[in-house]
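Participant: One structure is given below, represented as structure tokens, and several questions about it will come after.
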Amino acid sequence: MTHSLVHLSTAGVSLVLDCTEGRLPSVVHWGAALGEQSTADLQALVLAGREPVVSNAVDEPIRLAILPEPHAGWSGKPGISGHRDGHDWSPKFTTTSIDVIGEAHETAPSAAHESAPSAAHESAPSTDDEPARIDAGPALVVVEAADGHAGLAVRLEIELLATGLIRTRAAVTNTGDATDDERPYTVDDVTVALPIPTRAREILDFAGRWGKERTPQRSELVVGIHEREGRKGRTGADAATVLSVGVPGFGFARGEVWGVHTAWSGNHRHHAERLFNGKQVIGGGELLLPGEVRLGAGETYQGPWVYGAYADGLDAQARRFHDHLRSRPQHPTSPRPMTINVWEAVYFDHDLARLKDLADRSARLGVERFVLDDGWFRHRRDDFAGLGDWFVDDDVWPDGLTPLVDHVRAAGMQFGLWFEPEMINEDSDLARAHPEWIMQADGRLPIRSRHQQVLNLAIPEAYEYVLDRMTAIIDEYRVDYVKWDHNRDLVEAGHRDGGAAVHEQTLAAYRLMAALKDRFPGFEIESCSSGGARVDLGVIEHTDRVWVSDCIDPLERQQMNRWTMQLLPPELLGSHIASGVNHTTGRWHDLSFRAGTALFGHLGIEWDLSKATEAEERDLAEWIALYKDTRALLHGGDLVRVDQVDDSLNVYGTVAPDRKQAMFFLASLTAPEVSLRGRITFRDLDPDTRYRVDPVLIGSGADGVRAPVWWEGERVFTGRVLETVGLEAPSTSAERVVPFRLTAL
């Protein structure tokens, strides 16, 4: 039967769906777990959410579906925008089937609650007066619906994951007459929306730019729509990332918050909307360019997954994402290798003797992966030429890369290599041979960015060329890891003789990554895009880490790493130790601040080590040893960011799932307005366990740090004391990090 109420609940979250009367599913409740609910309880819950009819409004309560429908009186952003030559622009769907895939229990209208098979299936509308109830833990709800008059069908998937995240997506099919191919259905927009309660009135999302990604910004949710569009053909350094709306003043530790993330690496949308009648939603989807999706008879458009994360506090919200990512079969499980990338050490100056020396210095320090960046392929002496010519440059490398690769491997390190597969320089052999492979609009080339254009991977021959060349290089040199770059926005990104193609390009990039993964088991990919301009849950399905930003100034990275962790766990964040004078900002920082900041991530180095002093080499080796000793904790624990009233200070860290150990960092960003900062607290420990707290000072890290008296004692405190009372902070100079290791006794 299709007359159903569905209650999914796990990990402290409940999702209640009203699928009655053949209508598209409506979210009755998404938030804190409700416990056991009878059919009568759920019916009462549905009735409790029906508003009275007020003046100058539609004559019955407005029903908000996950794909919002104008025919139901919804005047906000619609779920489907499209048309067939101006017709069929306001579909009215009727549900034809519901599947609940998971450990579901179906209760008939008057029957006792009893177990059902793992997939409870319902079809064809029923005439029963009372709805059936389906209860499940983590489960996938699949709803099929159709509008025969409009010639459309939709498939909605709504899933509650084991971590308490929900995700939903919609597919639209043109079911019109196959003989009527001259009237395709144009899909302009498919947006899924999730209701949030009226107490959620404060928005948190992110802005950013090159070199300063994921800058948090807060605003009030007022009447109207707060919509964040990404029109760059990639996720973007200024992407909303996670758009959250919560109770005013929500922080890391507490405060109800509802967030959405669109898992897509092309054009996309996130939005929060408050209507004149007080109804509020958050949602997202792909942003389609004009005419980008035109469905012929029988063709389907599949929208991306949109994730929803409810939690009490931003840390709990982030942990839902982290736990989900860590549960995937493809999530990296081997210890994250200590890495060196040679870009800021040599740039385009590829000299074998110099690179061998850098490899030797790296190996002595304990580096485990050596990455050769841009400049190894034909014509690539600067960034004006060569992209697309994926052959080793014989002038620079007369014996190929083999001498360097063999040297790196003999030193006990993995070998990684830089590619930019989706890009092309006009000054390249590839562009001269195939100018028609360059993305463009109306036969004209787009404006250049970083002196380059975009290669149209939706063209099968272009795709096969890149796949074949990458396969040949990776196979010949047994490349373990590719830094996959993407250094420009997609402007006027289309086919030479056709329409817009960002949608197809994004899917082709995913296919290319997946194909290489299939060909080379164990091979890893880093998503880099002018730094952190492609950070999303779409690309992370095919990659093993992201490059947070091209800026590795530790003062900037304190913010960028902190907020990128709202979506991704630290083991997926490339976090490197820069040279003393930063190449992006020009600031100088002590090694202890650079290393202490970079430690909480997938640690690496981006520094010409031949210029390091003996003391710096000695300290760097200690930081690398500390990373190897603690990376299982850093990359497997629960994220904690302590709320502070002092903006000059960050306190953050990770606590092991069994609460037997933890690592916290005290980062002094600027000089405080008072001479002493007072007590700092460490959160989410076991309250009754006694912990030894050990400050970690390596080399120059002790400079500018004045220890409080408690450092001289046994340094043993209960978790309850550490969270509620705290410890006097050391007095430190600005731009210093002090790590603390906590061990249960």
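If you're wondering about the labels, chains in the structure tokens are A, B, ... by order shown, residues count from 1 in each chain, ligands from 1 in order shown.
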Can you pull out every residue within 10 Å of Thr262 (chain A), counting only C-alpha atoms, but drop anything in the same chain fewer than 2 positions away, and send it as a ChimeraX atom specification?
Facilitator: /A:167-169,235,240-243,260,264-265,268-270,283-286,303-308,536-538
Participant: Can those selected residues be exported to a file as a CSV table (one decimal), in the first residue's frame so that it contains N, CA and C atoms?
Facilitator:
```
chain,number,residue,atom,x,y,z
A,167,ARG,N,20.6,11.7,3.4
A,167,ARG,CA,20.9,12.2,2.0
A,167,ARG,C,19.7,11.9,1.1
A,168,THR,N,19.5,12.7,0.2
A,168,THR,CA,18.4,12.6,-0.7
A,168,THR,C,18.8,13.1,-2.1
A,169,ARG,N,18.2,12.5,-3.1
A,169,ARG,CA,18.4,12.9,-4.5
A,169,ARG,C,17.2,12.6,-5.3
A,235,THR,N,33.7,23.2,-7.7
A,235,THR,CA,33.1,23.5,-6.4
A,235,THR,C,33.3,25.0,-6.0
A,240,ALA,N,29.7,27.5,-0.5
A,240,ALA,CA,29.1,27.4,0.8
A,240,ALA,C,29.6,26.2,1.6
A,241,THR,N,30.0,25.2,1.0
A,241,THR,CA,30.5,23.9,1.6
A,241,THR,C,29.4,23.2,2.4
A,242,VAL,N,29.2,23.7,3.6
A,242,VAL,CA,28.0,23.2,4.4
A,242,VAL,C,27.2,24.4,4.8
A,243,LEU,N,26.0,24.5,4.3
A,243,LEU,CA,25.1,25.6,4.7
A,243,LEU,C,24.3,25.2,5.9
A,260,VAL,N,23.1,21.5,5.2
A,260,VAL,CA,23.0,20.7,3.9
A,260,VAL,C,24.4,20.9,3.2
A,264,TRP,N,28.6,17.6,-5.2
A,264,TRP,CA,28.7,17.7,-6.6
A,264,TRP,C,29.9,18.7,-6.9
A,265,SER,N,30.7,18.4,-7.9
A,265,SER,CA,31.9,19.1,-8.2
A,265,SER,C,31.8,20.1,-9.3
A,268,HIS,N,26.5,24.3,-8.8
A,268,HIS,CA,25.7,23.8,-7.8
A,268,HIS,C,25.0,24.9,-7.0
A,269,ARG,N,24.0,24.5,-6.2
A,269,ARG,CA,23.3,25.5,-5.3
A,269,ARG,C,23.2,24.9,-3.9
A,270,HIS,N,23.2,25.9,-2.9
A,270,HIS,CA,22.7,25.6,-1.6
A,270,HIS,C,21.8,26.8,-1.3
A,283,GLY,N,18.1,23.4,1.4
A,283,GLY,CA,18.2,22.5,0.3
A,283,GLY,C,19.3,22.7,-0.6
A,284,GLY,N,19.3,22.0,-1.7
A,284,GLY,CA,20.4,22.2,-2.7
A,284,GLY,C,20.2,21.3,-3.9
A,285,GLY,N,21.1,21.4,-4.8
A,285,GLY,CA,21.1,20.6,-6.1
A,285,GLY,C,22.1,21.1,-7.0
A,286,GLU,N,22.1,20.6,-8.2
A,286,GLU,CA,23.0,21.0,-9.3
A,286,GLU,C,22.4,22.3,-9.9
A,303,GLY,N,19.9,13.9,-10.4
A,303,GLY,CA,20.5,14.9,-9.6
A,303,GLY,C,21.5,14.4,-8.6
A,304,PRO,N,22.4,15.2,-8.0
A,304,PRO,CA,23.4,14.7,-7.1
A,304,PRO,C,22.8,14.5,-5.7
A,305,TRP,N,23.5,13.7,-4.9
A,305,TRP,CA,23.1,13.6,-3.5
A,305,TRP,C,23.2,14.9,-2.8
A,306,VAL,N,22.2,15.2,-2.0
A,306,VAL,CA,22.2,16.4,-1.1
A,306,VAL,C,22.2,15.8,0.3
A,307,TYR,N,23.2,16.1,1.1
A,307,TYR,CA,23.3,15.6,2.5
A,307,TYR,C,22.7,16.5,3.5
A,308,GLY,N,22.1,16.0,4.5
A,308,GLY,CA,21.5,16.7,5.6
A,308,GLY,C,22.2,16.3,6.9
A,536,ASP,N,34.4,18.6,-1.9
A,536,ASP,CA,33.0,18.2,-1.8
A,536,ASP,C,32.9,16.7,-1.7
A,537,LEU,N,31.8,16.2,-1.3
A,537,LEU,CA,31.6,14.8,-1.1
A,537,LEU,C,31.4,14.1,-2.5
A,538,GLY,N,31.3,14.8,-3.6
A,538,GLY,CA,31.3,14.1,-4.9
A,538,GLY,C,32.7,13.7,-5.3
```
Participant: Which residue gives the smallest distance to Asn267 (chain A) among A:Val396, A:Val502, A:Val548, A:Ala353, with only C-alpha atoms counted?
Facilitator: A:Val502
Participant: Among region 398-620 of chain A, which residues carry a DSSP assignment of strand (DSSP E or B), reported as a PyMOL selection string?
Facilitator: chain A and resi 414-419+423-424+438+441+444+449+452-455+481-484+494+500+524-527+529+532+545-547+573-578+581+588+602-606
Participant: Could you name the residues that touch region 420-437 of chain A at 8 Å or less, counting only C-alpha atoms, but leaving out those on the same chain fewer than 4 positions away, as a ChimeraX atom specification?
Facilitator: /A:379,384-389,451-457,459,462,466,484-487,496,509
Participant: Mind dumping the selected residues with C-alpha atoms as a JSON list (two decimals), in the first residue's frame?
Facilitator:
```json
[["chain", "number", "residue", "atom", "x", "y", "z"],
["A", 379, "HIS", "CA", 57.07, 22.23, -23.28],
["A", 384, "PHE", "CA", 52.08, 29.32, -20.57],
["A", 385, "ALA", "CA", 52.48, 26.04, -22.47],
["A", 386, "GLY", "CA", 52.37, 22.27, -22.43],
["A", 387, "LEU", "CA", 49.15, 21.31, -20.66],
["A", 388, "GLY", "CA", 47.74, 18.29, -22.49],
["A", 389, "ASP", "CA", 51.12, 17.03, -23.72],
["A", 451, "HIS", "CA", 47.03, 31.10, -19.53],
["A", 452, "GLN", "CA", 44.98, 27.93, -20.09],
["A", 453, "GLN", "CA", 41.72, 26.55, -21.41],
["A", 454, "VAL", "CA", 39.56, 23.55, -20.49],
["A", 455, "LEU", "CA", 39.75, 20.22, -22.32],
["A", 456, "ASN", "CA", 36.30, 18.85, -23.16],
["A", 457, "LEU", "CA", 36.36, 15.38, -21.61],
["A", 459, "ILE", "CA", 34.27, 14.21, -26.20],
["A", 462, "ALA", "CA", 39.58, 13.51, -25.76],
["A", 466, "VAL", "CA", 43.90, 11.55, -21.45],
["A", 484, "TRP", "CA", 45.22, 16.02, -9.63],
["A", 485, "ASP", "CA", 45.05, 19.75, -10.24],
["A", 486, "HIS", "CA", 42.34, 21.95, -11.79],
["A", 487, "ASN", "CA", 43.58, 25.52, -11.98],
["A", 496, "ARG", "CA", 32.24, 23.70, -29.98],
["A", 509, "ALA", "CA", 36.09, 13.76, -14.59]]
```
Participant: Which residue, A:Glu60, A:Asp646, A:Arg380, A:Pro329, has the smallest gap to Thr670 (chain A) when you use only C-alpha atoms?
Facilitator: A:Asp646
Participant: Using only C-alpha atoms, determine which residues lie at most 7 Å from Arg690 (chain A), disregarding the query and same-chain residues fewer than 6 positions distant; provide the list as a list of chain:residue names.
Facilitator: A:Val716, A:Phe717, A:Thr718, A:Gly719, A:Ala744, A:Leu745
Participant: A:Met560, A:Val725, A:Leu697, A:Leu573: which is nearest Val738 (chain A), counting only C-alpha atoms?
Facilitator: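 Checking each of A:Met560, A:Val725, A:Leu697, A:Leu573 against Val738 (chain A), counting only C-alpha atoms, the winner is A:Leu697.
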Participant: Taking the DSSP assignment computed from this structure's backbone, write out as a ChimeraX atom specification all residues of region 388-606 of chain A that belong to helix (DSSP H, G or I).
Facilitator: /A:402-410,429-433,435-437,460-476,502-519,539-541,554-564,570-572,591-598
Participant: Write out as a list of chain:residue names each polymer residue whose atoms come within 6 Å of region 195-202 of chain A, counting only C-alpha atoms; drop sequence neighbours fewer than 6 positions from it.
Facilitator: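 What passes the distance filter is A:Ser219, A:Glu220, A:Leu221, A:Val245, A:Gly246, A:Val247, A:Pro248, A:Gln280, A:Val281.
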Participant: How would the residues just picked look written out with N, CA, C and O atoms as a compact mmCIF listing (two decimals), in the first residue's frame?
Facilitator:
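Wrote it out as selection_3.txt, contents follow:
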```txt
# COMPACT_ATOMS: atom_id res chain seq x y z
N SER A 219 24.79 35.00 9.37
CA SER A 219 23.76 35.99 9.09
C SER A 219 22.43 35.48 9.64
O SER A 219 22.29 34.31 9.99
N GLU A 220 21.47 36.37 9.69
CA GLU A 220 20.13 36.00 10.16
C GLU A 220 19.32 35.46 9.00
O GLU A 220 19.41 35.96 7.87
N LEU A 221 18.56 34.40 9.26
CA LEU A 221 17.61 33.90 8.27
C LEU A 221 16.36 34.77 8.34
O LEU A 221 15.60 34.71 9.30
N VAL A 245 21.82 26.11 9.35
CA VAL A 245 20.93 27.05 10.04
C VAL A 245 20.65 26.46 11.42
O VAL A 245 20.27 25.29 11.53
N GLY A 246 20.85 27.27 12.45
CA GLY A 246 20.67 26.75 13.79
C GLY A 246 20.02 27.76 14.71
O GLY A 246 19.68 28.88 14.31
N VAL A 247 19.85 27.32 15.95
CA VAL A 247 19.32 28.24 16.95
C VAL A 247 20.34 29.35 17.17
O VAL A 247 21.55 29.12 17.09
N PRO A 248 19.91 30.57 17.39
CA PRO A 248 20.87 31.68 17.50
C PRO A 248 21.95 31.40 18.54
O PRO A 248 21.68 30.95 19.66
N GLN A 280 10.15 27.25 6.78
CA GLN A 280 11.58 27.36 6.53
C GLN A 280 12.12 26.05 5.97
O GLN A 280 11.75 24.97 6.42
N VAL A 281 13.03 26.17 4.99
CA VAL A 281 13.66 24.99 4.41
C VAL A 281 15.13 25.29 4.15
O VAL A 281 15.55 26.45 4.03
```
Participant: In Å, with one decimal, what is the gap from CA of Gly596 (chain A) to CA of Leu365 (chain A)?
Facilitator: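 A separation of 16.5 Å between them.
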Participant: Using only C-alpha atoms, which residue out of A:Gln559, A:Thr186, A:Ser579, A:Ser675 lies closest to Val651 (chain A)?
Facilitator: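 The closest residue to Val651 (chain A) is A:Gln559.
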